[in-house]
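Data first, discussion second: the structure below is written as C-alpha cells.
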Amino acid sequence: MDIWKGRAIDANLWDKFDMHILTSDIIDYKDVATRRFVLNFRQKYNDEPNEYAFRGYDDMMFYGLALKNYGRYFENRLPEQNIKLLHSGYYFQRATECGIWENTCLYMLEFKDFQLRPAH
C-alpha cells in the first residue's frame, strides 16, 4: 500500500508490467479546491503544504462538519457524512470484531505513461 510513497522506483519496470497499487489517499492537484487550498497555504505559511497539511485540513472539515450537522454525539452518523475532501475519502464501517469505526476508503492507482493515476 503506502510503502511505495517516497521511494525510488524503476519507472520502466512499472510501465512494462502495468503496475497497480492501492493507497488510502491521493491528491488531485488539478482539482479547483486543491489548487485553492495550496494557494491559500502558500500565502499564509510561505511554504508548500505537505501530506500532514492536507490530512489536517480534511480531518477538521470532516469532523467539524459532523459536529455541526449532528451535534456532539455524531459517532453513529459517520457513514452519513458525504463530503468531498482534498486527499482522501472517509467511508466508515463498523469493524465487527471490536465494534469501532473503520475507514474503508481505498484508491486503485495505475502506472501509465510514467505517471500514477486513478485506475479506471
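Please note that chains go A, B, ... in the order of the C-alpha cells, that every chain numbers its residues from 1, and that ligands are numbered from 1 in the order shown.
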
Per DSSP on the backbone, filter region 27-107 of chain A down to the residues in alpha helix (DSSP H) and report them as number ranges by chain.
A: 32-45, 51-70

Output the selection as an mmCIF file, in the first residue's frame - N, CA and C atoms for each residue.
data_model
loop_
_atom_site.group_PDB
_atom_site.id
_atom_site.type_symbol
_atom_site.label_atom_id
_atom_site.label_comp_id
_atom_site.auth_asym_id
_atom_site.auth_seq_id
_atom_site.Cartn_x
_atom_site.Cartn_y
_atom_site.Cartn_z
ATOM 1 N N VAL A 32 -9.969 22.088 -8.495
ATOM 2 C CA VAL A 32 -10.078 23.513 -8.144
ATOM 3 C C VAL A 32 -9.917 23.731 -6.637
ATOM 4 N N ALA A 33 -10.580 22.913 -5.832
ATOM 5 C CA ALA A 33 -10.491 23.070 -4.372
ATOM 6 C C ALA A 33 -9.066 22.827 -3.881
ATOM 7 N N THR A 34 -8.383 21.863 -4.473
ATOM 8 C CA THR A 34 -6.993 21.578 -4.087
ATOM 9 C C THR A 34 -6.090 22.740 -4.453
ATOM 10 N N ARG A 35 -6.262 23.266 -5.648
ATOM 11 C CA ARG A 35 -5.438 24.411 -6.062
ATOM 12 C C ARG A 35 -5.679 25.618 -5.163
ATOM 13 N N ARG A 36 -6.930 25.844 -4.780
ATOM 14 C CA ARG A 36 -7.254 26.958 -3.878
ATOM 15 C C ARG A 36 -6.589 26.747 -2.517
ATOM 16 N N PHE A 37 -6.658 25.517 -1.995
ATOM 17 C CA PHE A 37 -6.026 25.203 -0.716
ATOM 18 C C PHE A 37 -4.519 25.459 -0.778
ATOM 19 N N VAL A 38 -3.873 24.987 -1.845
ATOM 20 C CA VAL A 38 -2.422 25.165 -1.994
ATOM 21 C C VAL A 38 -2.072 26.648 -2.044
ATOM 22 N N LEU A 39 -2.801 27.420 -2.818
ATOM 23 C CA LEU A 39 -2.521 28.864 -2.913
ATOM 24 C C LEU A 39 -2.708 29.560 -1.568
ATOM 25 N N ASN A 40 -3.793 29.243 -0.866
ATOM 26 C CA ASN A 40 -4.028 29.840 0.451
ATOM 27 C C ASN A 40 -2.943 29.429 1.447
ATOM 28 N N PHE A 41 -2.536 28.180 1.402
ATOM 29 C CA PHE A 41 -1.490 27.693 2.305
ATOM 30 C C PHE A 41 -0.174 28.430 2.038
ATOM 31 N N ARG A 42 0.176 28.563 0.757
ATOM 32 C CA ARG A 42 1.414 29.276 0.392
ATOM 33 C C ARG A 42 1.392 30.713 0.886
ATOM 34 N N GLN A 43 0.248 31.387 0.705
ATOM 35 C CA GLN A 43 0.129 32.777 1.150
ATOM 36 C C GLN A 43 0.286 32.898 2.655
ATOM 37 N N LYS A 44 -0.357 32.010 3.386
ATOM 38 C CA LYS A 44 -0.359 32.124 4.842
ATOM 39 C C LYS A 44 0.949 31.676 5.474
ATOM 40 N N TYR A 45 1.546 30.583 4.966
ATOM 41 C CA TYR A 45 2.703 29.982 5.630
ATOM 42 C C TYR A 45 4.017 30.109 4.851
ATOM 43 N N GLU A 51 1.777 16.331 3.199
ATOM 44 C CA GLU A 51 0.707 15.366 3.441
ATOM 45 C C GLU A 51 -0.059 15.681 4.724
ATOM 46 N N TYR A 52 0.660 16.122 5.756
ATOM 47 C CA TYR A 52 0.015 16.411 7.039
ATOM 48 C C TYR A 52 -0.877 17.638 6.969
ATOM 49 N N ALA A 53 -0.536 18.604 6.141
ATOM 50 C CA ALA A 53 -1.395 19.778 5.965
ATOM 51 C C ALA A 53 -2.714 19.366 5.312
ATOM 52 N N PHE A 54 -2.635 18.539 4.266
ATOM 53 C CA PHE A 54 -3.849 18.052 3.614
ATOM 54 C C PHE A 54 -4.671 17.200 4.572
ATOM 55 N N ARG A 55 -4.012 16.315 5.292
ATOM 56 C CA ARG A 55 -4.714 15.424 6.219
ATOM 57 C C ARG A 55 -5.395 16.223 7.338
ATOM 58 N N GLY A 56 -4.685 17.201 7.885
ATOM 59 C CA GLY A 56 -5.245 18.031 8.945
ATOM 60 C C GLY A 56 -6.454 18.817 8.461
ATOM 61 N N TYR A 57 -6.355 19.377 7.273
ATOM 62 C CA TYR A 57 -7.478 20.121 6.695
ATOM 63 C C TYR A 57 -8.691 19.206 6.520
ATOM 64 N N ASP A 58 -8.454 18.044 5.915
ATOM 65 C CA ASP A 58 -9.555 17.108 5.677
ATOM 66 C C ASP A 58 -10.181 16.625 6.982
ATOM 67 N N ASP A 59 -9.359 16.305 7.966
ATOM 68 C CA ASP A 59 -9.890 15.847 9.253
ATOM 69 C C ASP A 59 -10.755 16.917 9.911
ATOM 70 N N MET A 60 -10.269 18.151 9.898
ATOM 71 C CA MET A 60 -11.047 19.224 10.517
ATOM 72 C C MET A 60 -12.349 19.480 9.756
ATOM 73 N N MET A 61 -12.300 19.415 8.431
ATOM 74 C CA MET A 61 -13.523 19.600 7.648
ATOM 75 C C MET A 61 -14.517 18.476 7.929
ATOM 76 N N PHE A 62 -14.037 17.240 7.919
ATOM 77 C CA PHE A 62 -14.927 16.096 8.105
ATOM 78 C C PHE A 62 -15.557 16.094 9.495
ATOM 79 N N TYR A 63 -14.705 16.136 10.521
ATOM 80 C CA TYR A 63 -15.221 16.045 11.884
ATOM 81 C C TYR A 63 -15.896 17.342 12.334
ATOM 82 N N GLY A 64 -15.406 18.470 11.841
ATOM 83 C CA GLY A 64 -16.053 19.742 12.173
ATOM 84 C C GLY A 64 -17.470 19.817 11.614
ATOM 85 N N LEU A 65 -17.640 19.376 10.378
ATOM 86 C CA LEU A 65 -18.985 19.368 9.790
ATOM 87 C C LEU A 65 -19.874 18.313 10.434
ATOM 88 N N ALA A 66 -19.296 17.182 10.841
ATOM 89 C CA ALA A 66 -20.086 16.166 11.558
ATOM 90 C C ALA A 66 -20.595 16.754 12.872
ATOM 91 N N LEU A 67 -19.738 17.459 13.571
ATOM 92 C CA LEU A 67 -20.129 18.092 14.832
ATOM 93 C C LEU A 67 -21.217 19.139 14.595
ATOM 94 N N LYS A 68 -21.026 19.946 13.550
ATOM 95 C CA LYS A 68 -22.015 20.981 13.231
ATOM 96 C C LYS A 68 -23.354 20.364 12.821
ATOM 97 N N ASN A 69 -23.309 19.338 11.967
ATOM 98 C CA ASN A 69 -24.534 18.755 11.420
ATOM 99 C C ASN A 69 -25.282 17.846 12.388
ATOM 100 N N TYR A 70 -24.537 17.116 13.248
ATOM 101 C CA TYR A 70 -25.170 16.082 14.066
ATOM 102 C C TYR A 70 -24.983 16.270 15.572
#

What are the DSSP strand (DSSP E) residues of chain A, as a list in words?
His20, Ile21, Leu22, Thr23, Phe92, Gln93, Arg94, Trp101, Glu102, Asn103, Tyr107, Met108, Leu109, Glu110, Phe111, Lys112, Gln115, Leu116, Arg117 and Pro118 of chain A

List the neighbours of Trp101 (chain A) out to 10 Å using only C-alpha atoms; skip same-chain residues closer than 6 positions along the sequence, and give me the result as a list of chain:residue names.
A:Glu75, A:Asn76, A:Leu78, A:Pro79, A:Tyr91, A:Phe92, A:Gln93, A:Arg94, A:Ala95

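The environment of region 81-90 of chain A within 6 Å, counting only C-alpha atoms and disregarding residues fewer than 5 places along the same chain, consists of A:Asp25, A:Ile26, A:Ile27, A:Thr34, A:Asp58, A:Asn103, A:Cys105.
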
Save out the residues we just selected, N, CA and C atoms, as a compact mmCIF listing (two decimals), in the first residue's frame.
# COMPACT_ATOMS: atom_id res chain seq x y z
N ASP A 25 -5.00 7.37 0.12
CA ASP A 25 -5.18 8.79 -0.22
C ASP A 25 -4.52 9.11 -1.54
N ILE A 26 -5.04 10.14 -2.15
CA ILE A 26 -4.49 10.65 -3.41
C ILE A 26 -4.86 12.12 -3.50
N ILE A 27 -3.93 12.94 -3.93
CA ILE A 27 -4.19 14.37 -4.06
C ILE A 27 -4.24 14.72 -5.54
N THR A 34 -8.38 21.86 -4.47
CA THR A 34 -6.99 21.58 -4.09
C THR A 34 -6.09 22.74 -4.45
N ASP A 58 -8.45 18.04 5.92
CA ASP A 58 -9.56 17.11 5.68
C ASP A 58 -10.18 16.62 6.98
N ASN A 103 -12.26 3.29 8.66
CA ASN A 103 -12.33 3.93 7.36
C ASN A 103 -11.90 2.92 6.30
N CYS A 105 -11.90 3.42 2.94
CA CYS A 105 -11.63 4.07 1.66
C CYS A 105 -10.26 3.65 1.11

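Rounded to one decimal, CA of Tyr29 (chain A) and CA of Leu109 (chain A) lie 15.2 Å from each other.
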
One-decimal distance in Å that lies between CA of Asp113 (chain A) and CA of Asp15 (chain A):
7.0 Å

Separation of CA of Arg117 (chain A) and CA of Ile9 (chain A), in Å?
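Distance reported for this atom pair: 15.4 Å.
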